[in-house]
file model_28.txt (compact mmCIF, C-alpha atoms)
# COMPACT_ATOMS: atom_id res chain seq x y z
CA MET A 1 -80.21 -23.25 -3.94
CA SER A 2 -76.87 -25.00 -3.59
CA LYS A 3 -76.31 -28.76 -3.75
CA GLY A 4 -74.98 -28.59 -0.18
CA ASN A 5 -78.20 -27.01 1.06
CA VAL A 6 -80.29 -29.65 -0.71
CA THR A 7 -78.25 -32.51 0.77
CA TRP A 8 -78.34 -30.90 4.22
CA GLY A 9 -82.11 -30.49 3.98
CA ARG A 10 -82.69 -34.03 2.74
CA ARG A 11 -80.72 -35.45 5.64
CA LEU A 12 -82.64 -33.28 8.10
CA LYS A 13 -85.94 -34.52 6.70
CA GLU A 14 -84.85 -38.18 6.73
CA ALA A 15 -83.73 -37.93 10.36
CA ARG A 16 -86.94 -36.13 11.35
CA LEU A 17 -89.19 -38.69 9.66
CA ALA A 18 -87.19 -41.56 11.15
CA ILE A 19 -88.28 -40.51 14.64
CA GLY A 20 -91.78 -39.43 13.65
CA LEU A 21 -91.69 -35.71 14.40
CA SER A 22 -93.57 -33.03 12.51
CA GLN A 23 -91.65 -30.03 11.25
CA LYS A 24 -93.22 -27.88 13.94
CA GLU A 25 -92.43 -30.36 16.72
CA LEU A 26 -88.80 -30.55 15.64
CA GLY A 27 -88.49 -26.79 15.47
CA ILE A 28 -89.96 -26.30 18.92
CA LEU A 29 -87.80 -29.05 20.46
CA ALA A 30 -84.76 -27.36 18.87
CA GLU A 31 -85.79 -24.11 20.57
CA LEU A 32 -86.96 -22.24 17.49
CA ASP A 33 -89.78 -19.74 17.95
CA GLU A 34 -92.96 -21.84 17.90
CA PHE A 35 -94.71 -19.42 15.53
CA VAL A 36 -92.11 -19.91 12.78
CA ALA A 37 -90.80 -23.38 13.70
CA SER A 38 -92.66 -25.27 10.97
CA THR A 39 -91.80 -22.73 8.26
CA ARG A 40 -88.10 -22.66 9.18
CA ILE A 41 -87.78 -26.45 9.24
CA ASN A 42 -89.64 -26.62 5.91
CA ARG A 43 -87.23 -24.13 4.31
CA TYR A 44 -84.25 -26.05 5.69
CA GLU A 45 -85.60 -29.32 4.32
CA LEU A 46 -86.28 -27.81 0.90
CA GLY A 47 -82.73 -26.46 0.73
CA VAL A 48 -83.91 -22.84 0.55
CA HIS A 49 -81.91 -22.04 3.68
CA LYS A 50 -79.35 -23.89 5.78
CA ALA A 51 -79.31 -23.47 9.53
CA ASP A 52 -76.26 -21.97 11.18
CA TYR A 53 -74.02 -24.38 13.05
CA GLN A 54 -75.52 -23.67 16.48
CA ILE A 55 -79.04 -24.46 15.25
CA SER A 56 -77.66 -27.51 13.43
CA GLN A 57 -76.27 -28.75 16.73
CA ARG A 58 -79.64 -28.33 18.46
CA LEU A 59 -81.44 -30.11 15.61
CA ALA A 60 -78.91 -32.95 15.70
CA GLU A 61 -79.32 -33.35 19.45
CA VAL A 62 -83.11 -33.60 19.14
CA LEU A 63 -82.79 -36.07 16.25
CA ASN A 64 -80.03 -38.13 17.93
CA VAL A 65 -77.65 -37.74 15.00
CA PRO A 66 -74.16 -36.25 15.00
CA THR A 67 -74.04 -32.72 13.65
CA GLY A 68 -71.52 -33.82 11.02
CA TYR A 69 -74.17 -36.11 9.52
CA PHE A 70 -75.82 -33.06 7.95
CA TYR A 71 -72.57 -31.84 6.37
CA THR A 72 -71.09 -35.09 5.04
CA GLU A 73 -71.08 -34.97 1.24
CA GLU A 74 -71.26 -38.70 0.46
CA ASP A 75 -74.43 -40.59 1.39
CA GLN A 76 -72.55 -43.79 2.26
CA LEU A 77 -70.23 -41.91 4.58
CA ALA A 78 -73.23 -40.19 6.19
CA GLU A 79 -74.76 -43.62 6.81
CA LEU A 80 -71.52 -44.82 8.37
CA VAL A 81 -71.41 -41.70 10.57
CA LEU A 82 -74.91 -42.55 11.84
CA ILE A 83 -73.99 -46.15 12.52
CA TYR A 84 -70.86 -45.10 14.40
CA HIS A 85 -72.80 -42.50 16.42
CA ARG A 86 -75.27 -45.09 17.67
CA LEU A 87 -72.69 -47.63 18.80
CA GLY A 88 -71.37 -47.99 22.31
CA ASN A 89 -67.69 -47.25 22.97
CA ARG A 90 -66.58 -50.89 22.73
CA LYS A 91 -68.28 -51.36 19.37
CA LYS A 92 -66.90 -48.02 18.12
CA ASN A 93 -63.39 -49.23 18.89
CA GLU A 94 -64.10 -52.55 17.15
CA LEU A 95 -65.38 -50.72 14.07
CA ILE A 96 -62.31 -48.50 13.92
CA LYS A 97 -60.01 -51.52 14.30
CA PHE A 98 -61.92 -53.36 11.58
CA ALA A 99 -61.77 -50.37 9.22
CA LYS A 100 -58.03 -50.00 9.75
CA ASN A 101 -57.54 -53.63 8.75
CA LEU A 102 -59.47 -53.36 5.50
call {"tool": "encode", "arguments": {"input": "model_28.txt", "output": "structure tokens"}}
result
Amino acid sequence: MSKGNVTWGRRLKEARLAIGLSQKELGILAELDEFVASTRINRYELGVHKADYQISQRLAEVLNVPTGYFYTEEDQLAELVLIYHRLGNRKKNELIKFAKNL
């Protein structure tokens, strides 16, 4: 189990719990086979396996997070990615301008 898989899985679990979905519900909404959906999500969350990028995109869409959130190494940067993702365009531009002036 690599550190990257563990981080990826932790972020997946945090995002899933934040919107109140079970592992099976998330898997089904992300178009995984309903008979293995819970098991696959569980293995992703435990860091045993990491989903390929296409599945990561589907999971991110269901969870309303950017796909890059799963792959960002630093937790603080991942949090910033989430904040940015949830802002409207005007606020995104303000945030970028603010960051450039730091």
call {"tool": "atom_distance", "arguments": {"input": "model_28.txt", "atom1": "CA of Thr7 (chain A)", "atom2": "CA of Gln23 (chain A)"}}
result
17.2 Å
call {"tool": "residues_around", "arguments": {"input": "model_28.txt", "residues": "Glu45 (chain A)", "least_positions_apart": "5", "cutoff": "10 Å", "atoms": "all atoms listed in the file", "output": "ChimeraX atom specification"}}
result
/A:5-14,16,23,39-40,50
call {"tool": "write_last_selection", "arguments": {"input": "model_28.txt", "atoms": "C-alpha atoms", "output": "compact mmCIF listing (two decimals), keeping the file's coordinate frame"}}
result
# COMPACT_ATOMS: atom_id res chain seq x y z
CA ASN A 5 -78.20 -27.01 1.06
CA VAL A 6 -80.29 -29.65 -0.71
CA THR A 7 -78.25 -32.51 0.77
CA TRP A 8 -78.34 -30.90 4.22
CA GLY A 9 -82.11 -30.49 3.98
CA ARG A 10 -82.69 -34.03 2.74
CA ARG A 11 -80.72 -35.45 5.64
CA LEU A 12 -82.64 -33.28 8.10
CA LYS A 13 -85.94 -34.52 6.70
CA GLU A 14 -84.85 -38.18 6.73
CA ARG A 16 -86.94 -36.13 11.35
CA GLN A 23 -91.65 -30.03 11.25
CA THR A 39 -91.80 -22.73 8.26
CA ARG A 40 -88.10 -22.66 9.18
CA LYS A 50 -79.35 -23.89 5.78
call {"tool": "atom_distance", "arguments": {"input": "model_28.txt", "atom1": "CA of Asp52 (chain A)", "atom2": "CA of Leu32 (chain A)"}}
result
12.4 Å
call {"tool": "atom_distance", "arguments": {"input": "model_28.txt", "atom1": "CA of Val65 (chain A)", "atom2": "CA of Leu77 (chain A)"}}
result
13.5 Å
call {"tool": "closest_residue", "arguments": {"input": "model_28.txt", "among": "A:Gln54, A:Asn64, A:Asp33, A:His49", "to": "Ile19 (chain A)", "atoms": "all atoms listed in the file"}}
result
A:Asn64
call {"tool": "closest_residue", "arguments": {"input": "model_28.txt", "among": "A:Leu29, A:Ala37, A:Ala60, A:Leu102", "to": "His85 (chain A)", "atoms": "all atoms listed in the file"}}
result
A:Ala60
call {"tool": "residues_around", "arguments": {"input": "model_28.txt", "residues": "Ala78 (chain A)", "least_positions_apart": "4", "cutoff": "10 Å", "atoms": "only C-alpha atoms", "output": "JSON, numbers by chain"}}
result
{"A": [11, 66, 68, 69, 70, 71, 72, 73, 74, 82, 83, 84]}
call {"tool": "closest_residue", "arguments": {"input": "model_28.txt", "among": "A:Asn93, A:Asn101, A:Ser2, A:Gln76", "to": "Tyr44 (chain A)", "atoms": "all atoms listed in the file"}}
result
A:Ser2
call {"tool": "build_atoms", "arguments": {"input": "model_28.txt", "residues": "region 57-68 of chain A", "atoms": "all heavy atoms", "output": "mmCIF file, keeping the file's coordinate frame"}}
result
data_model
loop_
_atom_site.group_PDB
_atom_site.id
_atom_site.type_symbol
_atom_site.label_atom_id
_atom_site.label_comp_id
_atom_site.auth_asym_id
_atom_site.auth_seq_id
_atom_site.Cartn_x
_atom_site.Cartn_y
_atom_site.Cartn_z
ATOM 1 N N GLN A 57 -76.597 -27.943 15.551
ATOM 2 C CA GLN A 57 -76.270 -28.750 16.730
ATOM 3 C C GLN A 57 -77.527 -29.069 17.537
ATOM 4 O O GLN A 57 -77.691 -30.203 18.002
ATOM 5 C CB GLN A 57 -75.261 -28.022 17.620
ATOM 6 C CG GLN A 57 -73.869 -27.989 17.045
ATOM 7 C CD GLN A 57 -72.917 -27.201 17.929
ATOM 8 O OE1 GLN A 57 -73.186 -26.054 18.291
ATOM 9 N NE2 GLN A 57 -71.806 -27.824 18.273
ATOM 10 N N ARG A 58 -78.399 -28.100 17.696
ATOM 11 C CA ARG A 58 -79.640 -28.330 18.460
ATOM 12 C C ARG A 58 -80.538 -29.323 17.716
ATOM 13 O O ARG A 58 -81.146 -30.208 18.328
ATOM 14 C CB ARG A 58 -80.369 -27.021 18.720
ATOM 15 C CG ARG A 58 -79.622 -26.126 19.689
ATOM 16 C CD ARG A 58 -80.457 -25.015 20.283
ATOM 17 N NE ARG A 58 -81.275 -24.262 19.357
ATOM 18 C CZ ARG A 58 -81.036 -23.000 18.989
ATOM 19 N NH1 ARG A 58 -79.992 -22.340 19.471
ATOM 20 N NH2 ARG A 58 -81.848 -22.394 18.144
ATOM 21 N N LEU A 59 -80.641 -29.172 16.400
ATOM 22 C CA LEU A 59 -81.440 -30.110 15.610
ATOM 23 C C LEU A 59 -80.869 -31.529 15.719
ATOM 24 O O LEU A 59 -81.615 -32.490 15.908
ATOM 25 C CB LEU A 59 -81.488 -29.662 14.152
ATOM 26 C CG LEU A 59 -82.274 -28.391 13.868
ATOM 27 C CD1 LEU A 59 -81.978 -27.876 12.460
ATOM 28 C CD2 LEU A 59 -83.772 -28.615 14.058
ATOM 29 N N ALA A 60 -79.561 -31.642 15.611
ATOM 30 C CA ALA A 60 -78.910 -32.950 15.700
ATOM 31 C C ALA A 60 -79.156 -33.596 17.052
ATOM 32 O O ALA A 60 -79.407 -34.808 17.135
ATOM 33 C CB ALA A 60 -77.406 -32.799 15.441
ATOM 34 N N GLU A 61 -79.092 -32.807 18.100
ATOM 35 C CA GLU A 61 -79.320 -33.350 19.450
ATOM 36 C C GLU A 61 -80.741 -33.905 19.565
ATOM 37 O O GLU A 61 -80.943 -35.019 20.060
ATOM 38 C CB GLU A 61 -79.097 -32.252 20.492
ATOM 39 C CG GLU A 61 -79.192 -32.753 21.910
ATOM 40 C CD GLU A 61 -78.894 -31.680 22.931
ATOM 41 O OE1 GLU A 61 -78.088 -30.770 22.648
ATOM 42 O OE2 GLU A 61 -79.479 -31.752 24.024
ATOM 43 N N VAL A 62 -81.721 -33.150 19.092
ATOM 44 C CA VAL A 62 -83.110 -33.600 19.140
ATOM 45 C C VAL A 62 -83.295 -34.879 18.316
ATOM 46 O O VAL A 62 -83.992 -35.805 18.728
ATOM 47 C CB VAL A 62 -84.070 -32.497 18.621
ATOM 48 C CG1 VAL A 62 -85.485 -33.034 18.454
ATOM 49 C CG2 VAL A 62 -84.051 -31.291 19.558
ATOM 50 N N LEU A 63 -82.636 -34.947 17.171
ATOM 51 C CA LEU A 63 -82.790 -36.070 16.250
ATOM 52 C C LEU A 63 -81.876 -37.252 16.563
ATOM 53 O O LEU A 63 -81.945 -38.289 15.902
ATOM 54 C CB LEU A 63 -82.535 -35.594 14.818
ATOM 55 C CG LEU A 63 -83.537 -34.559 14.297
ATOM 56 C CD1 LEU A 63 -83.030 -33.932 13.004
ATOM 57 C CD2 LEU A 63 -84.913 -35.192 14.106
ATOM 58 N N ASN A 64 -81.008 -37.094 17.551
ATOM 59 C CA ASN A 64 -80.030 -38.130 17.930
ATOM 60 C C ASN A 64 -79.153 -38.538 16.745
ATOM 61 O O ASN A 64 -78.980 -39.711 16.438
ATOM 62 C CB ASN A 64 -80.711 -39.352 18.548
ATOM 63 C CG ASN A 64 -79.689 -40.319 19.129
ATOM 64 O OD1 ASN A 64 -78.611 -39.930 19.565
ATOM 65 N ND2 ASN A 64 -80.016 -41.604 19.114
ATOM 66 N N VAL A 65 -78.631 -37.530 16.069
ATOM 67 C CA VAL A 65 -77.650 -37.740 15.000
ATOM 68 C C VAL A 65 -76.472 -36.824 15.290
ATOM 69 O O VAL A 65 -76.643 -35.783 15.922
ATOM 70 C CB VAL A 65 -78.228 -37.458 13.590
ATOM 71 C CG1 VAL A 65 -79.410 -38.366 13.290
ATOM 72 C CG2 VAL A 65 -78.617 -36.006 13.416
ATOM 73 N N PRO A 66 -75.276 -37.176 14.833
ATOM 74 C CA PRO A 66 -74.160 -36.250 15.000
ATOM 75 C C PRO A 66 -74.328 -35.060 14.046
ATOM 76 O O PRO A 66 -74.844 -35.215 12.938
ATOM 77 C CB PRO A 66 -72.932 -37.094 14.643
ATOM 78 C CG PRO A 66 -73.454 -38.169 13.770
ATOM 79 C CD PRO A 66 -74.869 -38.422 14.185
ATOM 80 N N THR A 67 -73.909 -33.916 14.478
ATOM 81 C CA THR A 67 -74.040 -32.720 13.650
ATOM 82 C C THR A 67 -73.381 -32.912 12.287
ATOM 83 O O THR A 67 -73.909 -32.485 11.260
ATOM 84 C CB THR A 67 -73.445 -31.495 14.372
ATOM 85 O OG1 THR A 67 -74.038 -31.401 15.668
ATOM 86 C CG2 THR A 67 -73.725 -30.211 13.621
ATOM 87 N N GLY A 68 -72.236 -33.589 12.265
ATOM 88 C CA GLY A 68 -71.520 -33.820 11.020
ATOM 89 C C GLY A 68 -72.315 -34.603 9.987
ATOM 90 O O GLY A 68 -72.040 -34.507 8.789
#
